[in-house]
file query39.cif (mmCIF, C-alpha atoms)
data_start
#
loop_
_atom_site.group_PDB
_atom_site.id
_atom_site.type_symbol
_atom_site.label_atom_id
_atom_site.label_comp_id
_atom_site.auth_asym_id
_atom_site.auth_seq_id
_atom_site.Cartn_x
_atom_site.Cartn_y
_atom_site.Cartn_z
ATOM 1 C CA MET A 41 -3.595 -25.978 19.280
ATOM 2 C CA ASN A 42 -4.998 -22.534 19.861
ATOM 3 C CA TRP A 43 -6.171 -20.583 16.751
ATOM 4 C CA LEU A 44 -3.840 -17.683 17.496
ATOM 5 C CA ALA A 45 -0.777 -19.870 18.017
ATOM 6 C CA LEU A 46 -1.012 -21.513 14.569
ATOM 7 C CA PRO A 47 -0.837 -18.278 12.499
ATOM 8 C CA LEU A 48 1.980 -16.979 14.722
ATOM 9 C CA ALA A 49 3.928 -20.229 14.318
ATOM 10 C CA VAL A 50 3.548 -20.028 10.521
ATOM 11 C CA LEU A 51 4.610 -16.365 10.533
ATOM 12 C CA PHE A 52 7.755 -17.043 12.587
ATOM 13 C CA ALA A 53 8.650 -20.077 10.469
ATOM 14 C CA ALA A 54 8.348 -18.038 7.261
ATOM 15 C CA ALA A 55 10.220 -14.957 8.560
ATOM 16 C CA PRO A 56 13.855 -14.861 7.479
ATOM 17 C CA ALA A 57 16.165 -15.266 10.436
ATOM 18 C CA ALA A 58 18.726 -12.691 11.465
ATOM 19 C CA ARG A 59 22.309 -13.808 10.964
ATOM 20 C CA PRO A 60 24.986 -13.319 13.615
ATOM 21 C CA PHE A 61 27.834 -11.000 12.673
ATOM 22 C CA VAL A 62 30.910 -11.201 14.890
ATOM 23 C CA ALA A 63 34.149 -9.415 14.026
ATOM 24 C CA GLN A 64 37.030 -7.683 15.782
ATOM 25 C CA GLY A 65 40.276 -5.819 15.396
ATOM 26 C CA ASP A 66 42.874 -4.525 17.839
ATOM 27 C CA TYR A 67 40.748 -1.478 18.656
ATOM 28 C CA TRP A 68 37.165 -2.743 18.301
ATOM 29 C CA GLU A 69 34.791 -5.681 18.336
ATOM 30 C CA ILE A 70 31.178 -6.183 17.373
ATOM 31 C CA ARG A 71 28.512 -8.807 17.954
ATOM 32 C CA LEU A 72 25.322 -8.047 16.088
ATOM 33 C CA ASP A 73 22.418 -9.950 14.590
ATOM 34 C CA LEU A 74 22.315 -8.681 11.009
ATOM 35 C CA PRO A 75 18.760 -8.275 9.757
ATOM 36 C CA ALA A 76 17.717 -10.577 6.927
ATOM 37 C CA GLY A 77 18.779 -9.101 3.621
ATOM 38 C CA TRP A 78 22.162 -7.807 4.850
ATOM 39 C CA LYS A 79 25.690 -9.233 4.568
ATOM 40 C CA SER A 80 29.045 -8.364 6.088
ATOM 41 C CA CYS A 81 32.063 -7.521 3.996
ATOM 42 C CA THR A 82 35.175 -8.094 6.089
ATOM 43 C CA ALA A 83 37.550 -10.001 3.841
ATOM 44 C CA PRO A 84 39.903 -9.686 2.121
ATOM 45 C CA ALA A 85 39.825 -5.875 2.517
ATOM 46 C CA PRO A 86 39.650 -3.814 4.551
ATOM 47 C CA ALA A 87 41.951 -5.592 6.964
ATOM 48 C CA PRO A 88 40.115 -6.698 10.106
ATOM 49 C CA ASN A 89 41.911 -4.090 12.191
ATOM 50 C CA HIS A 90 40.667 -1.343 9.929
ATOM 51 C CA GLY A 91 36.970 -2.098 10.204
ATOM 52 C CA PHE A 92 34.153 -3.669 8.212
ATOM 53 C CA ALA A 93 31.396 -2.894 5.758
ATOM 54 C CA LEU A 94 27.737 -3.947 5.611
ATOM 55 C CA ALA A 95 25.809 -4.194 2.365
ATOM 56 C CA PRO A 96 22.412 -5.367 1.189
ATOM 57 C CA ARG A 97 22.623 -9.105 0.452
ATOM 58 C CA ASP A 98 22.015 -8.560 -3.253
ATOM 59 C CA GLY A 99 24.443 -5.615 -3.436
ATOM 60 C CA SER A 100 28.148 -5.262 -3.985
ATOM 61 C CA CYS A 101 30.590 -4.993 -1.093
ATOM 62 C CA ALA A 102 32.423 -2.322 -3.095
ATOM 63 C CA ALA A 103 29.287 -0.162 -2.798
ATOM 64 C CA ALA A 104 28.505 -1.071 0.834
ATOM 65 C CA VAL A 105 25.942 1.181 2.497
ATOM 66 C CA LEU A 106 27.583 1.150 5.951
ATOM 67 C CA ARG A 107 31.319 1.371 6.606
ATOM 68 C CA PHE A 108 33.116 1.271 9.948
ATOM 69 C CA LEU A 109 36.720 2.469 9.703
ATOM 70 C CA VAL A 110 39.574 2.712 12.188
ATOM 71 C CA GLU A 111 42.520 5.033 11.597
ATOM 72 C CA ASN A 112 45.526 5.955 13.687
ATOM 73 C CA ASN A 113 46.017 9.676 14.234
ATOM 74 C CA LEU A 114 48.988 10.799 12.160
ATOM 75 C CA ASP A 115 49.065 14.418 13.393
ATOM 76 C CA ASP A 116 51.042 15.796 16.309
ATOM 77 C CA ALA A 117 47.839 17.171 17.855
ATOM 78 C CA LEU A 118 44.495 15.598 18.668
ATOM 79 C CA PRO A 119 42.216 15.651 15.604
ATOM 80 C CA ASP A 120 39.718 18.473 15.258
ATOM 81 C CA LEU A 121 36.230 16.946 14.986
ATOM 82 C CA THR A 122 34.918 19.806 12.851
ATOM 83 C CA ALA A 123 37.700 19.272 10.310
ATOM 84 C CA LEU A 124 37.112 15.498 10.353
ATOM 85 C CA GLN A 125 33.396 16.030 9.715
ATOM 86 C CA GLN A 126 34.116 18.325 6.795
ATOM 87 C CA GLN A 127 36.493 15.728 5.331
ATOM 88 C CA ALA A 128 33.705 13.144 5.703
ATOM 89 C CA GLY A 129 31.325 15.338 3.683
ATOM 90 C CA CYS A 130 29.077 16.533 6.503
ATOM 91 C CA SER A 131 26.846 19.368 5.413
ATOM 92 C CA ALA A 132 24.724 19.906 8.511
ATOM 93 C CA GLY A 133 25.577 20.597 12.131
ATOM 94 C CA SER A 134 26.539 17.698 14.301
ATOM 95 C CA LYS A 135 25.019 16.428 17.492
ATOM 96 C CA ALA A 136 26.906 14.807 20.317
ATOM 97 C CA VAL A 137 25.434 11.511 21.524
ATOM 98 C CA GLU A 138 26.596 9.079 24.152
ATOM 99 C CA ILE A 139 26.229 5.445 23.175
ATOM 100 C CA GLY A 140 27.778 2.548 25.037
ATOM 101 C CA GLY A 141 29.605 4.934 27.363
ATOM 102 C CA ARG A 142 31.359 6.640 24.426
ATOM 103 C CA GLY A 143 30.793 10.084 22.971
ATOM 104 C CA TRP A 144 30.062 10.137 19.238
ATOM 105 C CA ASN A 145 29.573 13.187 17.027
ATOM 106 C CA VAL A 146 26.934 12.442 14.396
ATOM 107 C CA CYS A 147 26.246 14.604 11.349
ATOM 108 C CA ARG A 148 24.359 14.390 8.027
ATOM 109 C CA ASP A 149 25.742 14.771 4.546
ATOM 110 C CA ALA A 150 24.173 16.168 1.403
ATOM 111 C CA SER A 151 22.830 12.760 0.268
ATOM 112 C CA GLN A 152 21.003 12.143 3.582
ATOM 113 C CA GLY A 153 23.750 9.835 4.802
ATOM 114 C CA GLU A 154 25.232 10.029 8.280
ATOM 115 C CA THR A 155 28.713 10.027 9.759
ATOM 116 C CA ALA A 156 29.534 9.206 13.382
ATOM 117 C CA LEU A 157 33.009 10.054 14.677
ATOM 118 C CA HIS A 158 34.780 9.193 17.917
ATOM 119 C CA VAL A 159 38.386 10.035 18.791
ATOM 120 C CA GLN A 160 39.914 7.905 21.518
ATOM 121 C CA ALA A 161 43.225 8.523 23.267
ATOM 122 C CA CYS A 162 45.109 5.252 23.674
ATOM 123 C CA GLY A 163 48.172 6.860 25.284
ATOM 124 C CA GLU A 164 49.503 10.244 26.340
ATOM 125 C CA ASN A 165 50.898 11.182 22.930
ATOM 126 C CA PRO A 166 48.407 12.576 20.343
ATOM 127 C CA ASN A 167 49.854 10.077 17.860
ATOM 128 C CA ASP A 168 48.394 7.326 20.079
ATOM 129 C CA ALA A 169 44.846 8.536 19.398
ATOM 130 C CA VAL A 170 42.533 6.428 17.255
ATOM 131 C CA ILE A 171 39.795 7.802 14.982
ATOM 132 C CA PHE A 172 36.650 5.680 14.647
ATOM 133 C CA THR A 173 34.250 6.503 11.809
ATOM 134 C CA LEU A 174 30.897 4.918 10.969
ATOM 135 C CA GLN A 175 29.409 6.162 7.693
ATOM 136 C CA ARG A 176 26.013 5.455 6.157
ATOM 137 C CA SER A 177 25.274 6.483 2.599
ATOM 138 C CA GLY A 178 21.817 7.440 1.339
ATOM 139 C CA GLY A 179 18.467 7.900 3.028
ATOM 140 C CA ASP A 180 17.229 4.286 3.202
ATOM 141 C CA ALA A 181 15.264 3.647 6.432
ATOM 142 C CA ALA A 182 16.607 0.091 6.875
ATOM 143 C CA ALA A 183 20.189 1.363 6.584
ATOM 144 C CA ALA A 184 19.430 4.171 9.050
ATOM 145 C CA ALA A 185 18.099 1.652 11.583
ATOM 146 C CA LEU A 186 21.140 -0.594 11.092
ATOM 147 C CA PHE A 187 23.437 2.439 11.520
ATOM 148 C CA GLY A 188 21.959 2.958 15.007
ATOM 149 C CA ARG A 189 22.265 -0.720 15.898
ATOM 150 C CA VAL A 190 25.919 -0.781 14.812
ATOM 151 C CA LEU A 191 26.670 2.272 16.973
ATOM 152 C CA GLU A 192 25.056 0.529 19.946
ATOM 153 C CA SER A 193 26.812 -2.796 19.314
ATOM 154 C CA VAL A 194 30.391 -1.859 18.447
ATOM 155 C CA LYS A 195 32.762 -1.919 21.410
ATOM 156 C CA LEU A 196 35.832 0.316 21.255
ATOM 157 C CA ARG A 197 39.040 -0.368 23.142
ATOM 158 C CA CYS A 198 42.752 0.322 23.270
ATOM 159 C CA PRO A 199 45.051 -2.636 22.742
ATOM 160 C CA SER A 200 46.823 -3.955 25.811
ATOM 161 C CA ALA A 201 50.379 -2.777 26.316
ATOM 162 C CA PRO A 202 52.923 -5.509 25.633
ATOM 163 C CA HIS A 203 54.347 -7.137 28.760
#

call {"tool": "encode", "arguments": {"input": "query39.cif", "output": "structure tokens"}}
result
Amino acid sequence: MNWLALPLAVLFAAAPAARPFVAQGDYWEIRLDLPAGWKSCTAPAPAPNHGFALAPRDGSCAAAVLRFLVENNLDDALPDLTALQQQAGCSAGSKAVEIGGRGWNVCRDASQGETALHVQACGENPNDAVIFTLQRSGGDAAAAALFGRVLESVKLRCPSAPH
């Protein structure tokens, strides 16, 4: 065995493996390898259709660092992104980014967290719109990296019309 291969083999054997995280609701699905040290919080609440939370493995799901939420629009007009960002606690200007073919508006809050918002029309009526929110609390670098990976991995959709 080559001298370089042995240390690399030991390193890979000792490194904690990423764990697959697969979840879905009517309006979304995600397939993501969670980094070691993270866990998913999908049951019993929030309901699968309403999203998921990710927390450090040794932390509480009630205080999850990342939360992905899905809400139906209850207004008679399409939601105003500026108002949604203010409700989410954004304190700094937002930037529009396109990830996975979808436009997200990302902003920072006072505690160095981030919020990403996407409003998707799933019909002609404004009440058919769906609001997707991904929130990260705090300024932890690992959580910030996972926030980006979740945005890249989550797939948004409208449910099929009944036949």

call {"tool": "atom_distance", "arguments": {"input": "query39.cif", "atom1": "CA of Asp66 in chain A", "atom2": "CA of Asp168 in chain A"}}
result
13.3 Å

call {"tool": "residues_near_point", "arguments": {"input": "query39.cif", "point": "(40.3, 16.2, 13.2)", "cutoff": "12 Å", "atoms": "all atoms listed in the file", "output": "list in words"}}
result
Glu111, Asn112, Asn113, Leu114, Asp115, Asp116, Ala117, Leu118, Pro119, Asp120, Leu121, Thr122, Ala123, Leu124, Gln125, Gln126, Gln127, Ala128, Asn145, Leu157, His158, Val159, Gln160, Pro166, Ala169, Val170, Ile171, Phe172 and Thr173 of chain A

call {"tool": "closest_residue", "arguments": {"input": "query39.cif", "among": "A:Gly129, A:Gly91, A:Pro96, A:Gly188", "to": "Pro75 in chain A", "atoms": "all atoms listed in the file"}}
result
A:Pro96

call {"tool": "closest_residue", "arguments": {"input": "query39.cif", "among": "A:Cys147, A:Lys135, A:Gly163, A:Leu174", "to": "Val194 in chain A", "atoms": "only C-alpha atoms"}}
result
A:Leu174

call {"tool": "atom_distance", "arguments": {"input": "query39.cif", "atom1": "CA of Phe187 in chain A", "atom2": "CA of Val62 in chain A"}}
result
15.9 Å

call {"tool": "closest_residue", "arguments": {"input": "query39.cif", "among": "A:Ser80, A:Arg142, A:Cys130, A:Arg71", "to": "Ser193 in chain A", "atoms": "all atoms listed in the file"}}
result
A:Arg71

call {"tool": "atom_distance", "arguments": {"input": "query39.cif", "atom1": "CA of Leu186 in chain A", "atom2": "CA of Trp78 in chain A"}}
result
9.6 Å

call {"tool": "closest_residue", "arguments": {"input": "query39.cif", "among": "A:Cys162, A:Glu138, A:Glu154, A:Phe108", "to": "Ile70 in chain A", "atoms": "all atoms listed in the file"}}
result
A:Phe108

call {"tool": "closest_residue", "arguments": {"input": "query39.cif", "among": "A:Asn89, A:Asp73, A:Cys81, A:Gly178", "to": "Ala102 in chain A", "atoms": "all atoms listed in the file"}}
result
A:Cys81

call {"tool": "build_atoms", "arguments": {"input": "query39.cif", "residues": "range 137-165 of chain A", "atoms": "N, CA and C atoms", "output": "PDB file, keeping the file's coordinate frame"}}
result
ATOM      1  N   VAL A 137      26.250  12.550  20.886  1.00  0.00           N
ATOM      2  CA  VAL A 137      25.434  11.511  21.524  1.00  0.00           C
ATOM      3  C   VAL A 137      26.355  10.587  22.298  1.00  0.00           C
ATOM      4  N   GLU A 138      25.838  10.053  23.382  1.00  0.00           N
ATOM      5  CA  GLU A 138      26.596   9.079  24.152  1.00  0.00           C
ATOM      6  C   GLU A 138      25.948   7.725  23.954  1.00  0.00           C
ATOM      7  N   ILE A 139      26.723   6.796  23.434  1.00  0.00           N
ATOM      8  CA  ILE A 139      26.229   5.445  23.175  1.00  0.00           C
ATOM      9  C   ILE A 139      27.273   4.471  23.683  1.00  0.00           C
ATOM     10  N   GLY A 140      26.852   3.537  24.513  1.00  0.00           N
ATOM     11  CA  GLY A 140      27.778   2.548  25.037  1.00  0.00           C
ATOM     12  C   GLY A 140      28.890   3.163  25.871  1.00  0.00           C
ATOM     13  N   GLY A 141      28.606   4.288  26.540  1.00  0.00           N
ATOM     14  CA  GLY A 141      29.605   4.934  27.363  1.00  0.00           C
ATOM     15  C   GLY A 141      30.636   5.739  26.581  1.00  0.00           C
ATOM     16  N   ARG A 142      30.434   5.897  25.282  1.00  0.00           N
ATOM     17  CA  ARG A 142      31.359   6.640  24.426  1.00  0.00           C
ATOM     18  C   ARG A 142      30.635   7.820  23.787  1.00  0.00           C
ATOM     19  N   GLY A 143      31.352   8.917  23.641  1.00  0.00           N
ATOM     20  CA  GLY A 143      30.793  10.084  22.971  1.00  0.00           C
ATOM     21  C   GLY A 143      31.041  10.003  21.474  1.00  0.00           C
ATOM     22  N   TRP A 144      29.982  10.117  20.694  1.00  0.00           N
ATOM     23  CA  TRP A 144      30.062  10.137  19.238  1.00  0.00           C
ATOM     24  C   TRP A 144      29.533  11.476  18.756  1.00  0.00           C
ATOM     25  N   ASN A 145      30.098  12.004  17.698  1.00  0.00           N
ATOM     26  CA  ASN A 145      29.573  13.187  17.027  1.00  0.00           C
ATOM     27  C   ASN A 145      28.967  12.719  15.715  1.00  0.00           C
ATOM     28  N   VAL A 146      27.667  12.940  15.556  1.00  0.00           N
ATOM     29  CA  VAL A 146      26.934  12.442  14.396  1.00  0.00           C
ATOM     30  C   VAL A 146      26.471  13.633  13.560  1.00  0.00           C
ATOM     31  N   CYS A 147      26.688  13.535  12.252  1.00  0.00           N
ATOM     32  CA  CYS A 147      26.246  14.604  11.349  1.00  0.00           C
ATOM     33  C   CYS A 147      25.690  13.990  10.073  1.00  0.00           C
ATOM     34  N   ARG A 148      24.951  14.818   9.303  1.00  0.00           N
ATOM     35  CA  ARG A 148      24.359  14.390   8.027  1.00  0.00           C
ATOM     36  C   ARG A 148      25.149  14.965   6.870  1.00  0.00           C
ATOM     37  N   ASP A 149      25.107  14.241   5.751  1.00  0.00           N
ATOM     38  CA  ASP A 149      25.742  14.771   4.546  1.00  0.00           C
ATOM     39  C   ASP A 149      24.666  15.154   3.534  1.00  0.00           C
ATOM     40  N   ALA A 150      25.103  15.650   2.408  1.00  0.00           N
ATOM     41  CA  ALA A 150      24.173  16.168   1.403  1.00  0.00           C
ATOM     42  C   ALA A 150      23.259  15.095   0.824  1.00  0.00           C
ATOM     43  N   SER A 151      23.655  13.834   0.835  1.00  0.00           N
ATOM     44  CA  SER A 151      22.830  12.760   0.268  1.00  0.00           C
ATOM     45  C   SER A 151      22.010  12.035   1.334  1.00  0.00           C
ATOM     46  N   GLN A 152      21.784  12.693   2.476  1.00  0.00           N
ATOM     47  CA  GLN A 152      21.003  12.143   3.582  1.00  0.00           C
ATOM     48  C   GLN A 152      21.697  10.976   4.277  1.00  0.00           C
ATOM     49  N   GLY A 153      22.982  10.825   4.057  1.00  0.00           N
ATOM     50  CA  GLY A 153      23.750   9.835   4.802  1.00  0.00           C
ATOM     51  C   GLY A 153      24.149  10.416   6.149  1.00  0.00           C
ATOM     52  N   GLU A 154      24.790   9.591   6.963  1.00  0.00           N
ATOM     53  CA  GLU A 154      25.232  10.029   8.280  1.00  0.00           C
ATOM     54  C   GLU A 154      26.676   9.606   8.499  1.00  0.00           C
ATOM     55  N   THR A 155      27.367  10.374   9.329  1.00  0.00           N
ATOM     56  CA  THR A 155      28.713  10.027   9.759  1.00  0.00           C
ATOM     57  C   THR A 155      28.768  10.169  11.272  1.00  0.00           C
ATOM     58  N   ALA A 156      29.303   9.151  11.940  1.00  0.00           N
ATOM     59  CA  ALA A 156      29.534   9.206  13.382  1.00  0.00           C
ATOM     60  C   ALA A 156      31.031   9.101  13.601  1.00  0.00           C
ATOM     61  N   LEU A 157      31.577  10.018  14.410  1.00  0.00           N
ATOM     62  CA  LEU A 157      33.009  10.054  14.677  1.00  0.00           C
ATOM     63  C   LEU A 157      33.275   9.971  16.173  1.00  0.00           C
ATOM     64  N   HIS A 158      34.311   9.243  16.527  1.00  0.00           N
ATOM     65  CA  HIS A 158      34.780   9.193  17.917  1.00  0.00           C
ATOM     66  C   HIS A 158      36.295   9.169  17.882  1.00  0.00           C
ATOM     67  N   VAL A 159      36.928  10.031  18.669  1.00  0.00           N
ATOM     68  CA  VAL A 159      38.386  10.035  18.791  1.00  0.00           C
ATOM     69  C   VAL A 159      38.712   9.539  20.188  1.00  0.00           C
ATOM     70  N   GLN A 160      39.577   8.534  20.244  1.00  0.00           N
ATOM     71  CA  GLN A 160      39.914   7.905  21.518  1.00  0.00           C
ATOM     72  C   GLN A 160      41.416   7.966  21.747  1.00  0.00           C
ATOM     73  N   ALA A 161      41.810   8.493  22.904  1.00  0.00           N
ATOM     74  CA  ALA A 161      43.225   8.523  23.267  1.00  0.00           C
ATOM     75  C   ALA A 161      43.610   7.138  23.792  1.00  0.00           C
ATOM     76  N   CYS A 162      44.636   6.560  23.208  1.00  0.00           N
ATOM     77  CA  CYS A 162      45.109   5.252  23.674  1.00  0.00           C
ATOM     78  C   CYS A 162      46.523   5.379  24.256  1.00  0.00           C
ATOM     79  N   GLY A 163      46.877   6.566  24.682  1.00  0.00           N
ATOM     80  CA  GLY A 163      48.172   6.860  25.284  1.00  0.00           C
ATOM     81  C   GLY A 163      48.247   8.351  25.523  1.00  0.00           C
ATOM     82  N   GLU A 164      49.367   8.819  26.021  1.00  0.00           N
ATOM     83  CA  GLU A 164      49.503  10.244  26.340  1.00  0.00           C
ATOM     84  C   GLU A 164      49.896  11.087  25.134  1.00  0.00           C
ATOM     85  N   ASN A 165      50.467  10.472  24.129  1.00  0.00           N
ATOM     86  CA  ASN A 165      50.898  11.182  22.930  1.00  0.00           C
ATOM     87  C   ASN A 165      49.719  11.300  21.963  1.00  0.00           C
TER      88      ASN A 165
END
